[in-house]
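Asks: Structure file entry_19.txt (compact mmCIF, C-alpha atoms and all ligand atoms) is given on the next line.
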```txt
# COMPACT_ATOMS: atom_id res chain seq x y z
CA MET A 1 -14.48 33.30 23.23
CA SER A 2 -15.59 33.11 19.58
CA GLN A 3 -19.15 33.58 18.35
CA GLN A 4 -19.19 29.84 17.48
CA ASP A 5 -18.33 28.83 21.09
CA THR A 6 -21.29 30.77 22.46
CA ASN A 7 -23.72 29.76 19.73
CA PRO A 8 -24.00 25.96 19.16
CA GLY A 9 -26.44 26.52 16.26
CA LEU A 10 -23.82 28.56 14.43
CA HIS A 11 -21.21 25.83 15.05
CA LEU A 12 -23.57 23.19 13.59
CA ARG A 13 -24.19 25.33 10.51
CA HIS A 14 -20.42 25.75 10.00
CA SER A 15 -19.75 22.01 10.29
CA GLN A 16 -22.62 21.25 7.87
CA GLN A 17 -21.22 23.80 5.45
CA SER A 18 -17.74 22.33 5.69
CA ARG A 19 -19.11 18.80 5.11
CA LEU A 20 -21.01 20.07 2.10
CA GLN A 21 -17.89 21.83 0.83
CA LYS A 22 -15.88 18.61 1.19
CA ALA A 23 -18.56 16.70 -0.73
CA VAL A 24 -18.52 19.32 -3.50
CA ASN A 25 -14.71 19.12 -3.65
CA ALA A 26 -14.80 15.32 -3.82
CA TYR A 27 -17.38 15.49 -6.62
CA LYS A 28 -15.28 18.01 -8.54
CA GLN A 29 -12.19 15.86 -8.07
CA GLY A 30 -13.54 12.46 -9.11
CA GLY A 31 -17.21 12.68 -10.04
CA ALA A 32 -20.27 10.99 -8.55
CA ARG A 33 -18.70 7.54 -8.11
CA TYR A 34 -15.73 8.93 -6.21
CA LEU A 35 -18.05 10.94 -3.96
CA TRP A 36 -20.21 7.86 -3.30
CA HIS A 37 -17.14 5.72 -2.56
CA LYS A 38 -15.66 8.27 -0.22
CA SER A 39 -18.87 8.76 1.73
CA MET A 40 -19.34 4.98 2.05
CA ARG A 41 -15.79 4.65 3.39
CA ARG A 42 -16.56 7.26 6.01
CA SER A 43 -20.07 6.19 6.98
CA LEU A 44 -19.58 2.39 7.26
CA GLU A 45 -16.72 2.67 9.77
CA GLN A 46 -18.69 0.73 12.43
CA TRP A 47 -19.61 -2.17 10.12
CA PRO A 48 -16.37 -3.62 8.66
CA ALA A 49 -18.00 -6.76 7.17
CA LEU A 50 -20.63 -4.72 5.35
CA LYS A 51 -18.01 -2.17 4.37
CA ARG A 52 -15.87 -4.93 2.82
CA ARG A 53 -18.86 -6.16 0.79
CA ILE A 54 -19.86 -2.70 -0.41
CA VAL A 55 -16.64 -0.72 -0.67
CA TYR A 56 -14.06 -3.47 -1.21
CA ALA A 57 -15.97 -5.88 -3.49
CA ASP A 58 -13.41 -5.29 -6.24
CA PRO A 59 -9.92 -4.38 -4.90
CA ARG A 60 -8.72 -3.00 -8.24
CA ASP A 61 -11.73 -0.76 -8.48
CA TYR A 62 -11.22 0.38 -4.89
CA TRP A 63 -7.56 1.27 -5.46
CA THR A 64 -8.40 3.03 -8.71
CA LEU A 65 -11.02 5.20 -7.03
CA ARG A 66 -8.95 5.72 -3.89
CA GLY A 67 -5.62 6.30 -5.62
CA GLY A 68 -5.85 9.97 -6.40
CA SER A 69 -4.08 13.08 -5.20
CA GLU A 70 -6.08 13.00 -1.96
CA TYR A 71 -4.58 9.60 -1.09
CA LEU A 72 -1.10 10.87 -1.90
CA ALA A 73 -1.58 13.90 0.37
CA GLU A 74 -2.94 11.66 3.15
CA GLN A 75 0.08 9.33 2.96
CA GLU A 76 2.67 12.10 2.59
CA GLY A 77 1.15 13.83 5.61
CA GLN A 78 2.24 10.93 7.85
CA PRO A 79 5.91 11.11 8.92
CA ALA A 80 5.65 7.52 10.21
CA ARG A 81 4.98 6.26 6.66
CA THR A 82 8.07 8.06 5.38
CA ALA A 83 10.20 6.72 8.23
CA ARG A 84 8.95 3.20 7.52
CA SER A 85 9.68 3.41 3.81
CA ARG A 86 13.22 4.66 4.52
CA TRP A 87 13.80 1.81 6.97
CA LEU A 88 12.57 -0.73 4.41
CA ALA A 89 14.76 0.86 1.74
CA SER A 90 17.84 0.51 3.95
CA ARG A 91 17.04 -3.20 4.54
CA ILE A 92 16.67 -3.69 0.79
CA ALA A 93 19.92 -1.84 0.00
CA ALA A 94 21.76 -4.20 2.41
CA CYS A 95 20.84 -7.12 0.08
CA LYS A 96 22.78 -5.36 -2.73
CA PRO A 97 20.35 -6.20 -5.55
CA ARG A 98 21.09 -5.07 -9.12
CA SER A 99 17.44 -5.19 -10.11
CA ILE A 100 14.28 -4.77 -8.04
CA LEU A 101 10.58 -5.35 -8.67
CA GLU A 102 8.01 -3.75 -6.40
CA VAL A 103 4.58 -5.32 -6.86
CA GLY A 104 1.84 -2.90 -5.80
CA CYS A 105 4.10 0.16 -6.07
CA GLY A 106 1.24 2.64 -5.64
CA TYR A 107 2.26 6.22 -6.35
CA GLY A 108 5.94 5.33 -6.00
CA LYS A 109 6.71 6.35 -2.43
CA GLN A 110 8.67 3.19 -1.67
CA ILE A 111 10.50 3.27 -5.00
CA ALA A 112 11.66 6.84 -4.32
CA SER A 113 13.06 5.77 -0.92
CA ILE A 114 14.73 2.73 -2.45
CA ARG A 115 16.33 4.87 -5.14
CA THR A 116 17.92 7.10 -2.49
CA ALA A 117 19.24 4.05 -0.65
CA VAL A 118 20.59 2.04 -3.62
CA GLY A 119 21.91 4.71 -5.99
CA THR A 120 21.07 5.31 -9.63
CA ASP A 121 22.52 2.15 -11.24
CA VAL A 122 19.99 -0.31 -9.86
CA GLN A 123 17.08 -0.95 -12.20
CA ILE A 124 13.72 -0.63 -10.43
CA THR A 125 10.42 -1.86 -11.86
CA GLY A 126 7.10 -0.93 -10.30
CA LEU A 127 3.90 -2.80 -11.08
CA ASP A 128 0.40 -1.88 -9.96
CA PHE A 129 -3.11 -2.76 -11.10
CA SER A 130 -4.51 0.72 -10.42
CA PRO A 131 -4.20 3.16 -13.34
CA SER A 132 -4.76 6.14 -11.03
CA GLN A 133 -1.91 5.10 -8.70
CA LEU A 134 0.37 4.50 -11.68
CA ALA A 135 -0.45 7.91 -13.17
CA LEU A 136 0.69 9.50 -9.90
CA ALA A 137 3.81 7.30 -9.87
CA GLN A 138 4.69 8.46 -13.40
CA GLU A 139 4.58 12.03 -12.12
CA HIS A 140 6.33 11.31 -8.80
CA LEU A 141 9.21 9.39 -10.43
CA LYS A 142 9.47 11.21 -13.76
CA SER A 143 13.05 12.37 -13.20
CA ASP A 144 14.26 8.78 -12.66
CA SER A 145 15.27 7.20 -15.99
CA ASN A 146 16.06 3.82 -14.42
CA VAL A 147 12.51 3.21 -13.16
CA PHE A 148 10.01 1.25 -15.27
CA LEU A 149 6.32 1.33 -14.43
CA ILE A 150 3.91 -1.33 -15.64
CA GLN A 151 0.20 -1.86 -15.17
CA GLY A 152 -0.52 -5.44 -14.24
CA SER A 153 -1.85 -7.76 -11.60
CA GLY A 154 0.30 -9.33 -8.88
CA ASP A 155 -1.27 -12.76 -9.37
CA ARG A 156 -0.19 -12.92 -13.05
CA LEU A 157 3.17 -11.23 -13.39
CA PRO A 158 4.22 -10.50 -16.98
CA PHE A 159 7.87 -11.52 -16.43
CA PRO A 160 9.92 -14.69 -17.05
CA ASP A 161 11.16 -16.80 -14.11
CA GLN A 162 13.93 -15.25 -11.97
CA SER A 163 13.78 -11.86 -13.71
CA PHE A 164 14.71 -9.73 -10.69
CA ASP A 165 17.39 -10.00 -7.98
CA LEU A 166 14.89 -8.82 -5.39
CA VAL A 167 11.10 -8.73 -5.32
CA LEU A 168 9.23 -6.60 -2.79
CA THR A 169 5.70 -6.11 -1.53
CA SER A 170 4.80 -3.46 1.02
CA ALA A 171 1.17 -3.41 2.21
CA VAL A 172 -0.09 -5.22 -0.89
CA ILE A 173 -0.68 -8.96 -0.39
CA LEU A 174 -2.70 -8.09 2.71
CA HIS A 175 -5.19 -6.20 0.52
CA ASN A 176 -6.10 -9.28 -1.55
CA PRO A 177 -8.54 -12.11 -0.84
CA PRO A 178 -7.04 -15.57 -0.09
CA GLU A 179 -6.93 -17.15 -3.59
CA ILE A 180 -5.38 -14.03 -5.13
CA ALA A 181 -2.94 -13.62 -2.23
CA GLU A 182 -1.84 -17.24 -2.68
CA ALA A 183 -1.31 -16.76 -6.43
CA MET A 184 0.64 -13.57 -5.74
CA ARG A 185 3.06 -15.25 -3.33
CA ARG A 186 3.75 -17.98 -5.90
CA GLU A 187 4.29 -15.44 -8.66
CA LEU A 188 6.65 -13.37 -6.50
CA LEU A 189 8.69 -16.49 -5.76
CA ARG A 190 8.75 -17.40 -9.43
CA VAL A 191 10.13 -14.07 -10.70
CA ALA A 192 12.64 -13.50 -7.85
CA ARG A 193 16.25 -14.60 -8.31
CA HIS A 194 17.78 -14.07 -4.85
CA TRP A 195 15.44 -12.29 -2.43
CA CYS A 196 11.78 -11.85 -1.55
CA VAL A 197 11.11 -8.99 0.87
CA HIS A 198 7.77 -8.19 2.46
CA ASN A 199 6.27 -5.59 4.73
CA GLU A 200 2.78 -6.97 5.29
CA ASP A 201 0.65 -6.17 8.33
CA THR A 202 -1.16 -9.08 9.98
CA ASP A 203 -4.34 -7.37 11.22
CA THR A 204 -7.80 -7.69 9.67
CA THR A 205 -9.95 -4.73 8.63
CA TYR A 206 -12.50 -4.13 5.88
CA ASN A 207 -9.68 -4.02 3.29
CA ARG A 208 -7.00 -6.15 5.04
CA PHE A 209 -7.15 -9.93 5.15
CA GLY A 210 -4.79 -10.65 8.07
CA TYR A 211 -2.09 -12.99 6.68
CA ASP A 212 0.98 -14.48 8.30
CA THR A 213 3.41 -14.23 5.36
CA ALA A 214 6.29 -15.65 7.41
CA ALA A 215 4.30 -18.83 8.15
CA TRP A 216 3.67 -19.29 4.42
CA TYR A 217 7.43 -19.41 3.74
CA GLN A 218 8.10 -21.60 6.78
CA GLN A 219 5.48 -24.13 5.71
CA ARG A 220 7.31 -24.48 2.38
CA GLY A 221 10.71 -24.94 4.02
CA LEU A 222 12.12 -21.82 2.36
CA ASN A 223 15.03 -19.88 3.79
CA LEU A 224 13.30 -17.24 5.91
CA VAL A 225 16.30 -15.23 7.09
CA GLU A 226 14.24 -12.79 9.15
CA ALA A 227 10.61 -12.49 10.24
CA ALA A 228 9.88 -9.88 12.87
CA PRO A 229 7.77 -6.82 13.59
CA ILE A 230 9.29 -3.55 12.41
CA PRO A 231 10.80 -1.92 15.54
CA PRO A 232 8.44 0.67 17.14
CA GLU A 233 11.09 3.41 16.97
CA VAL A 234 10.81 3.28 13.18
CA PHE A 235 7.26 4.65 13.40
CA VAL A 236 8.34 8.11 14.54
CA GLY A 237 5.54 10.66 14.42
CA SER A 238 2.84 8.01 14.81
CA ASP A 239 0.48 8.31 17.76
CA ASP A 240 0.37 4.49 17.97
CA ALA A 241 3.94 3.38 17.30
CA ALA A 242 3.60 0.28 19.53
CA GLY A 243 0.39 -0.79 17.73
CA GLU A 244 1.88 -0.13 14.28
CA SER A 245 4.90 -2.22 15.22
CA ALA A 246 2.85 -5.06 16.75
CA ARG A 247 0.71 -5.56 13.65
CA SER A 248 3.63 -5.22 11.21
CA GLN A 249 5.62 -8.14 9.84
CA PHE A 250 8.91 -7.74 7.99
CA CYS A 251 10.05 -10.85 6.09
CA LEU A 252 13.37 -11.39 4.36
CA VAL A 253 13.66 -14.58 2.30
CA ARG A 254 16.91 -15.76 0.65
CA LEU A 255 16.25 -17.97 -2.34
CA ARG A 256 19.58 -18.82 -3.94
C1 LIG B 1 -1.43 0.43 0.47
S1 LIG B 1 -0.87 0.71 -1.15
C2 LIG B 1 0.89 0.45 -0.93
C3 LIG B 1 1.72 1.14 -1.97
C4 LIG B 1 3.24 0.98 -1.84
N1 LIG B 1 3.63 -0.42 -1.85
C5 LIG B 1 3.77 1.65 -0.60
O1 LIG B 1 4.25 0.96 0.31
O2 LIG B 1 3.74 2.90 -0.55
C6 LIG B 1 -1.36 -0.79 -1.99
C7 LIG B 1 -1.08 -0.75 -3.50
O3 LIG B 1 -1.09 -2.07 -4.00
C8 LIG B 1 -1.81 -2.13 -5.20
N2 LIG B 1 -2.33 -3.52 -5.31
C9 LIG B 1 -3.07 -4.20 -4.41
N3 LIG B 1 -3.32 -5.44 -4.84
C10 LIG B 1 -2.70 -5.56 -6.04
C11 LIG B 1 -2.59 -6.63 -6.99
N4 LIG B 1 -3.19 -7.81 -6.78
N5 LIG B 1 -1.90 -6.42 -8.13
C12 LIG B 1 -1.30 -5.21 -8.37
N6 LIG B 1 -1.37 -4.16 -7.51
C13 LIG B 1 -2.06 -4.34 -6.35
C14 LIG B 1 -2.90 -1.07 -5.04
O4 LIG B 1 -3.36 -0.60 -6.28
C15 LIG B 1 -2.15 0.02 -4.28
O5 LIG B 1 -1.52 0.91 -5.17
```
Show the structure stored in the file as structure tokens.

Replies:
Amino acid sequence: MSQQDTNPGLHLRHSQQSRLQKAVNAYKQGGARYLWHKSMRRSLEQWPALKRRIVYADPRDYWTLRGGSEYLAEQEGQPARTARSRWLASRIAACKPRSILEVGCGYGKQIASIRTAVGTDVQITGLDFSPSQLALAQEHLKSDSNVFLIQGSGDRLPFPDQSFDLVLTSAVILHNPPEIAEAMRRELLRVARHWCVHNEDTDTTYNRFGYDTAAWYQQRGLNLVEAAPIPPEVFVGSDDAAGESARSQFCLVRLR
């Protein structure tokens, strides 16, 4: 038995010290605003509505503060996320696009998986409104000369109509309030030539708005080839594979 097990006071002091150390590290990493943001994210867990108002008032700001190396480590530490991105990449490769746009590409995890699945000839463009996520993506994808990264907003895409064979969002529309989400879907449709592909969860949290993307396409009479949860076996390594699957929604739309 350790000294900490027999002495609860000592254990408390250690956990206070480690919390303090984490706060110091967060401050060193991103300054006072990052530390404030991080502690709000942790401490408002029980109050999602308040948390949305305080922490998620400006989604771009949120993703700029959140999108640092800590976020990358958190995502890369989850085998289920990697398995999901590979599964998505294989579904995209089956469409045989020659050019792909990922809106909300983050630090480039999905683009890296797509590259492995489609080979080097396919041109991939990643767009994101968070400069910190894009800076990580530049680093993550620097050896890939056929990837183009652009800072921009999904509701005003800086591309002519039908610029890309396939347009993808993965966990992006869901993070935007209704008017922006609506504008994004229209923009994605506008710049896509053949396919729109989405992986968008349907649950609601402080930073998720709970959309049914498949219903949006159905209501417009578009050719929704597939709309289904991602199979639970894809979420290997997750302690809630059934839950992850149930709240997921994969959509494949054929345009022309
Ligand atoms: C949860 S991450 C997903 C990243 C990536 N798609 C993936 O699957 O790994 C959401 C990303 O979308 C970006 N994002 C959210 N809303 C956006 C918008 N309206 N325009 C551009 N980027 C957006 C955020 O900055 C963040 O990098």

Asks: With all atoms listed in the file as the counted atoms, please give the residues lying no more than 7 Å from range 210-214 of chain A, apart from itself and same-chain residues fewer than 4 positions off, as a list in words.

Replies: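 The filter keeps Leu174, Thr202, Asp203, Thr204, Gln218, Ala227 and Cys251 of chain A.
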
Asks: Could you save the residues just selected, with C-alpha atoms, as a short mmCIF file (atom, residue, chain, number, x, y, z; two decimals), in the coordinates of the input?

Replies:
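The resulting file, selection28.cif, is shown below:
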```
data_model
loop_
_atom_site.label_atom_id
_atom_site.label_comp_id
_atom_site.auth_asym_id
_atom_site.auth_seq_id
_atom_site.Cartn_x
_atom_site.Cartn_y
_atom_site.Cartn_z
CA LEU A 174 -2.70 -8.09 2.71
CA THR A 202 -1.16 -9.08 9.98
CA ASP A 203 -4.34 -7.37 11.22
CA THR A 204 -7.80 -7.69 9.67
CA GLN A 218 8.10 -21.60 6.78
CA ALA A 227 10.61 -12.49 10.24
CA CYS A 251 10.05 -10.85 6.09
#
```

Asks: Step by step, measure atom-to-atom distances between ligand LIG 1 (chain B) and each residue using all atoms listed in the file, keep those at most 8 Å, then write them as a ChimeraX atom specification.

Replies: /A:59-60,63-64,67,85,102-110,127-130,133-134,151-155,169-173,175-176,180-181,184

Asks: Quick one, how far is CA of Arg98 in chain A from CA of Leu157 in chain A?

Replies: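 Computing the Euclidean distance for CA of Arg98 in chain A and CA of Leu157 in chain A yields 19.4 Å.
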
Asks: Just give me the gap between CA of Pro48 in chain A and CA of Tyr206 in chain A in Å, one decimal is fine.

Replies: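 Taking CA of Pro48 in chain A as the start and CA of Tyr206 in chain A as the end point, the length is 4.8 Å.
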
Asks: Which of these residues is nearest to Pro177 in chain A, using only C-alpha atoms: A:Tyr217, A:Phe209, A:Asp121, A:Gly31?

Replies: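 Ranking A:Tyr217, A:Phe209, A:Asp121, A:Gly31 by distance to Pro177 in chain A, first place goes to A:Phe209.
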
Asks: Let me have the centre and edge lengths of the axis-aligned box enclosing all listed atoms of range 151-161 of chain A with 6 Å padding on every side, in Å to one decimal, as JSON.

Replies:
```
{"center_x": 4.7, "center_y": -9.3, "center_z": -13.0, "size_x": 25.0, "size_y": 26.9, "size_z": 20.2}
```

Asks: Name all residues at most 12 Å from Leu252 in chain A (count only C-alpha atoms; drop same-chain ones fewer than 2 positions away) and give them as a ChimeraX atom specification.

Replies: /A:88,91-92,94-95,166-169,194-200,213-214,217-218,222-230,249-250,254-255

Asks: What gap, in Å, lies between CA of Asp165 in chain A and CA of Gly221 in chain A?

Replies: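 Those two atoms sit 20.3 Å apart.
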
Asks: Neighbouring residues of Phe235 in chain A were defined as those with any atom within 7 Å, considering only C-alpha atoms; residues of the same chain fewer than 5 positions away were excluded. Please report them as a PyMOL selection string.

Replies: chain A and resi 80+83-84+241

Asks: Which of these residues is nearest to Tyr56 in chain A, using only C-alpha atoms: A:Trp36, A:Arg208, A:Glu187, A:Gly68?

Replies: A:Arg208

Asks: Which residues come within 12 Å of range 40-42 of chain A, counting all atoms listed in the file, excluding same-chain residues fewer than 6 positions away, as a list in words?

Replies: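 Contacts, in chain order: Arg19, Ala23, Arg33, Tyr34, Pro48, Leu50, Lys51, Arg52, Arg53, Ile54, Val55, Tyr56, Tyr62, Leu65, Arg66, Tyr206 and Asn207 of chain A.
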
Asks: Put those residues in a file: C-alpha atoms, as a PDB file, in the coordinates of the input.

Replies:
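Just written: result06.pdb:
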```
ATOM      1  CA  ARG A  19     -19.110  18.800   5.110  1.00  0.00           C
ATOM      2  CA  ALA A  23     -18.560  16.700  -0.730  1.00  0.00           C
ATOM      3  CA  ARG A  33     -18.700   7.540  -8.110  1.00  0.00           C
ATOM      4  CA  TYR A  34     -15.730   8.930  -6.210  1.00  0.00           C
ATOM      5  CA  PRO A  48     -16.370  -3.620   8.660  1.00  0.00           C
ATOM      6  CA  LEU A  50     -20.630  -4.720   5.350  1.00  0.00           C
ATOM      7  CA  LYS A  51     -18.010  -2.170   4.370  1.00  0.00           C
ATOM      8  CA  ARG A  52     -15.870  -4.930   2.820  1.00  0.00           C
ATOM      9  CA  ARG A  53     -18.860  -6.160   0.790  1.00  0.00           C
ATOM     10  CA  ILE A  54     -19.860  -2.700  -0.410  1.00  0.00           C
ATOM     11  CA  VAL A  55     -16.640  -0.720  -0.670  1.00  0.00           C
ATOM     12  CA  TYR A  56     -14.060  -3.470  -1.210  1.00  0.00           C
ATOM     13  CA  TYR A  62     -11.220   0.380  -4.890  1.00  0.00           C
ATOM     14  CA  LEU A  65     -11.020   5.200  -7.030  1.00  0.00           C
ATOM     15  CA  ARG A  66      -8.950   5.720  -3.890  1.00  0.00           C
ATOM     16  CA  TYR A 206     -12.500  -4.130   5.880  1.00  0.00           C
ATOM     17  CA  ASN A 207      -9.680  -4.020   3.290  1.00  0.00           C
TER      18      ASN A 207
END
```

Asks: Can you tell me which residues surround Phe164 in chain A at a distance of at most 6 Å, considering all atoms listed in the file, apart from same-chain residues fewer than 5 positions away, and format the answer as a PyMOL selection string?

Replies: chain A and resi 99-100+192-193
